[in-house]
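Visitor: Quick one: the structure is below, questions incoming.
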Amino acid sequence: MLKIYNTLTRDKQDFIPIEPGKVRMYVCGMTVYDYCHLGHARVMVAFDMVYRWLKASGLDVTYVRNITDIDDKIIKRAAENSESIHALTQRFIDAMHEDERALSILPPDFEPRATQYIPQMLDMIAKLEANGLAYQAADGDMNYAVRKFAHYGKLSGKTLADLRAGERVEVNDGKLDPLDFVLWKHAKESEPDEVKWDSPWGEGRPGWHIECSAMSLATLGKHFDIHGGGADLQFPHHENEIAQSEGACQCKSVNVWMHNGFVRVDNEKMSKSLGNFFTIREVLNKYDAEVVRFFILRAHYRSQLNYSDAHLDDAKQSLNRLYTALKNIAVPIETSSIDWNEPYSQRFKTAMNDDFNTPEAMAVLFDLANEVNRSQSVEAAKKLKMLGDVLGLLQENPDDYLQGRHRIDVNVSVTGLTATAKLGIVDFIPSGMTKSIQALIAERTAAKQSKNFAESDRIRKELLEAGIVLEDSASGTTWRRS
């Protein structure tokens with residue numbers, strides 16, 4: 001039986017889906033105004049691990065992870081860059097997806113964007129107003145009346161007496177109470193170019209908290225199984241989501257609340273506001289993506305994760321040990337399912353069912369690696385790869401991985417055409433250069449598919465001048481340095 005630590009109840013509980021055999025899970029995603037940092041990577045990897053284990057357990061999972069594409073920070077950054085909000089957000093959504101693919105993160109089943117759900121947000125605000133939980137302030141904003149929701153603070157453990165205006169609470173002279181938070185921001189006459197939508201309360205745009213309540217309701221219904229996110233979202237964001245969702249729907253909204261721990265640098269939380277963050281791209285310039293994934297997963301998802309080069313170097317050596325065990329054994333491509341009654345697999349399952357205890361699950365992988373080294377058993381090596389796959393690990397060819405060569409598939413849209421360039425086994429180089437080569441090869445593939453051979457030849461020549469030689473074969477295009 002799977003047990004999950006529920007932030008709401010502050011203990012581990014047996015996980016019993018609302019609907020037998022099915023799980024509905026919502027995770028708060030990224031606000032897309034910059035490149036994702038390693039703290040974001042931890043959220044992505046942690047809940048990708050949860051998603052994979054739920055599926056490996058035979059459950060039918062609907063996984064929703066949203067994108068916040070309208071926000072004060074987004075508006076400010078777009079203005080600073082003199083670009084449209086859509087251009088800014090799409091650029092960083094594309095970058096986020098590239099980071100996810102590098103980290104072997106499975107795409108969620110649904111990835112709603114806030115700007116696509118404005119009508120649903122307006123509908124929820126109207127319900128809150130009808131239920132006496134929302135009011136329009138003198139400045140035109142629609143606010144949530146916190147003191148009118150009897151259970152406010154049940155997720156964070158904060159009482160209304162504990163809260164102080166100015167401590168992660170939005171302060172606004174138009175509020176009836178400093179604790180109230182905004183649902184709909186009224187457009188300012190002084191900013192005629194401000195992004196805005198029509199509403200029953202005048203032109204404006206949504207507050208941050210209402211976005212997730214509306215998107216989770218629209219995609220998963222008013223009562224679902226799991227809601228996840230980083231520990232920093234527990235208050236006020238998730239607390240406010242509960243107030244909104246339960247206040248509007250008049251029922252329990254989520255059974256299990258999950259929160260992953262912070263990534264820390266020099267004993268401080270990694271965050272953009274503190275300026276102590278490393279983007280995923282910066283880390284991938286120095287370390288292989290699977291090393292980063294391994295580094296994140298070998299700590300329990302709820303624990304603090306200390307970032308340093310020394311810790312990543314250690315993760316690299318540990319991952320190399322697993323690949324080295326597989327190096328000289330021809331493991332057949334496995335299509336059969338894992339035998340969970342087999343001792344190693346049973347230990348792995350017991351660990352994962354104990355609140356996704358990946359450190360203990362990884363200990364099983366290392367025990368299996370030791371068994372492979374002792375016996376050179378193909379069966380043990382097969383188990384190692386299959387259990388590794390459950391965590392999104394050990395799926396490279398061992399020789400290629402240990403020599404720093406990786407297979408990359410790139411999808412790119414070129415003038416309305418979509419092509420997949422299979423780049424084959426390539427030497428690892430910094431991600432910035434890899435991206436440009438990938439894009440050019442994919443563009444060339446699209447040009448060939450559309451029989452634009454002049455453009456295809458031009459791209460080949462451009463890459464050759466940069467020292468990159470393309471080699472075409474029936475299985476795709478590979479490249480090497482000249």
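In the structure tokens, the first chain shown is A, the next is B, and so on; residue numbers restart at 1 for each chain, and ligands run from 1 in the order shown.
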List the spatial neighbours of Ser253 (chain A) as an MDAnalysis selection string - criterion: any atom at most 10 Å away, only C-alpha atoms, same-chain residues fewer than 3 positions off excluded.
Guide: chainID A and resid 213 216:217 221:227 241:247 249:250 256
Visitor: Using C-alpha atoms, can you write the selected residues to a file as a compact mmCIF listing (two decimals), in the first residue's frame?
Guide:
```
# COMPACT_ATOMS: atom_id res chain seq x y z
CA SER A 213 -7.94 27.13 -8.59
CA SER A 216 -7.44 22.61 -11.54
CA LEU A 217 -11.25 22.77 -11.38
CA GLY A 221 -12.96 18.66 -11.26
CA LYS A 222 -13.85 20.15 -7.89
CA HIS A 223 -12.40 17.25 -5.85
CA PHE A 224 -9.20 15.47 -6.87
CA ASP A 225 -6.49 13.28 -5.37
CA ILE A 226 -3.12 15.06 -5.23
CA HIS A 227 -1.98 18.68 -5.41
CA GLU A 241 -6.20 27.97 -3.39
CA ILE A 242 -8.02 25.98 -0.71
CA ALA A 243 -9.96 29.07 0.36
CA GLN A 244 -10.96 29.83 -3.23
CA SER A 245 -11.74 26.30 -4.43
CA GLU A 246 -13.61 25.18 -1.33
CA GLY A 247 -15.29 28.54 -0.96
CA CYS A 249 -17.48 24.73 -4.75
CA GLN A 250 -18.56 24.24 -1.12
CA VAL A 256 -3.42 14.92 -0.45
```
Visitor: Any chance you could list, as a PyMOL selection string, the residues in region 104-284 of chain A that come up strand (DSSP E or B) when DSSP is run on the backbone?
Guide: chain A and resi 110+113+134-136+142-144+181-186+197+204-206+224-230+254-260+263-265+268-269+279
Visitor: Using only C-alpha atoms, which residues sit within 7 Å of Tyr63 (chain A) once same-chain residues fewer than 2 positions away are excluded, as a list in words?
Guide: Arg24, Met25, Tyr26, Val61, Arg65, Pro108, Asp109 and Phe110 of chain A
Visitor: If we count only C-alpha atoms, what is near Met258 (chain A) at a cut-off of 9 Å, once residues fewer than 5 positions away on the same chain are taken out, given as a list in words?
Guide: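 Surrounding residues, per the criterion: Ile4, Tyr5, Asn6, Thr7, Leu8, Ile226, His227, Gly228, Gly229, Gly230, Ala231 and Arg302 of chain A.
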Visitor: Please, could you write that set of residues out with C-alpha atoms as a compact mmCIF listing (two decimals), in the first residue's frame?
Guide:
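So again.txt came out as:
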```
# COMPACT_ATOMS: atom_id res chain seq x y z
CA ILE A 4 2.16 9.59 1.13
CA TYR A 5 3.03 12.37 3.54
CA ASN A 6 0.07 14.74 3.47
CA THR A 7 1.02 18.32 4.31
CA LEU A 8 -2.61 18.97 5.24
CA ILE A 226 -3.12 15.06 -5.23
CA HIS A 227 -1.98 18.68 -5.41
CA GLY A 228 1.77 19.30 -5.44
CA GLY A 229 4.38 22.01 -5.63
CA GLY A 230 7.42 23.47 -3.94
CA ALA A 231 7.42 24.04 -0.18
CA ARG A 302 10.74 16.37 1.06
```
Visitor: May I have the residues within 9 Å of Ile74 (chain A) as a list in words, using only C-alpha atoms and disregarding those fewer than 4 positions away in the same chain?
Guide: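 My reading of the contact set: Thr31, Val32, Tyr33, Asp34, Asp69, Ile70, Ala78, Ala79, Ile85, Leu88 and Thr89 of chain A.
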Visitor: What would the file look like if the residues just selected were written as a PDB file, in the first residue's frame with C-alpha atoms?
Guide:
```pdb
ATOM      1  CA  THR A  31       5.907  31.418 -14.144  1.00  0.00           C
ATOM      2  CA  VAL A  32       7.594  31.865 -17.508  1.00  0.00           C
ATOM      3  CA  TYR A  33       9.566  35.106 -17.533  1.00  0.00           C
ATOM      4  CA  ASP A  34      13.084  33.659 -17.333  1.00  0.00           C
ATOM      5  CA  ASP A  69       1.811  33.142 -18.509  1.00  0.00           C
ATOM      6  CA  ILE A  70       0.371  36.355 -17.062  1.00  0.00           C
ATOM      7  CA  ALA A  78       8.315  42.117 -21.349  1.00  0.00           C
ATOM      8  CA  ALA A  79       8.327  45.893 -20.936  1.00  0.00           C
ATOM      9  CA  ILE A  85       4.070  39.232 -23.448  1.00  0.00           C
ATOM     10  CA  LEU A  88       8.378  36.494 -23.996  1.00  0.00           C
ATOM     11  CA  THR A  89       6.327  33.688 -22.494  1.00  0.00           C
TER      12      THR A  89
END
```
Visitor: To one decimal place in Å, what is the distance between CA of Val50 (chain A) and CA of Cys36 (chain A)?
Guide: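 Separating CA of Val50 (chain A) from CA of Cys36 (chain A) is a distance of 20.2 Å.
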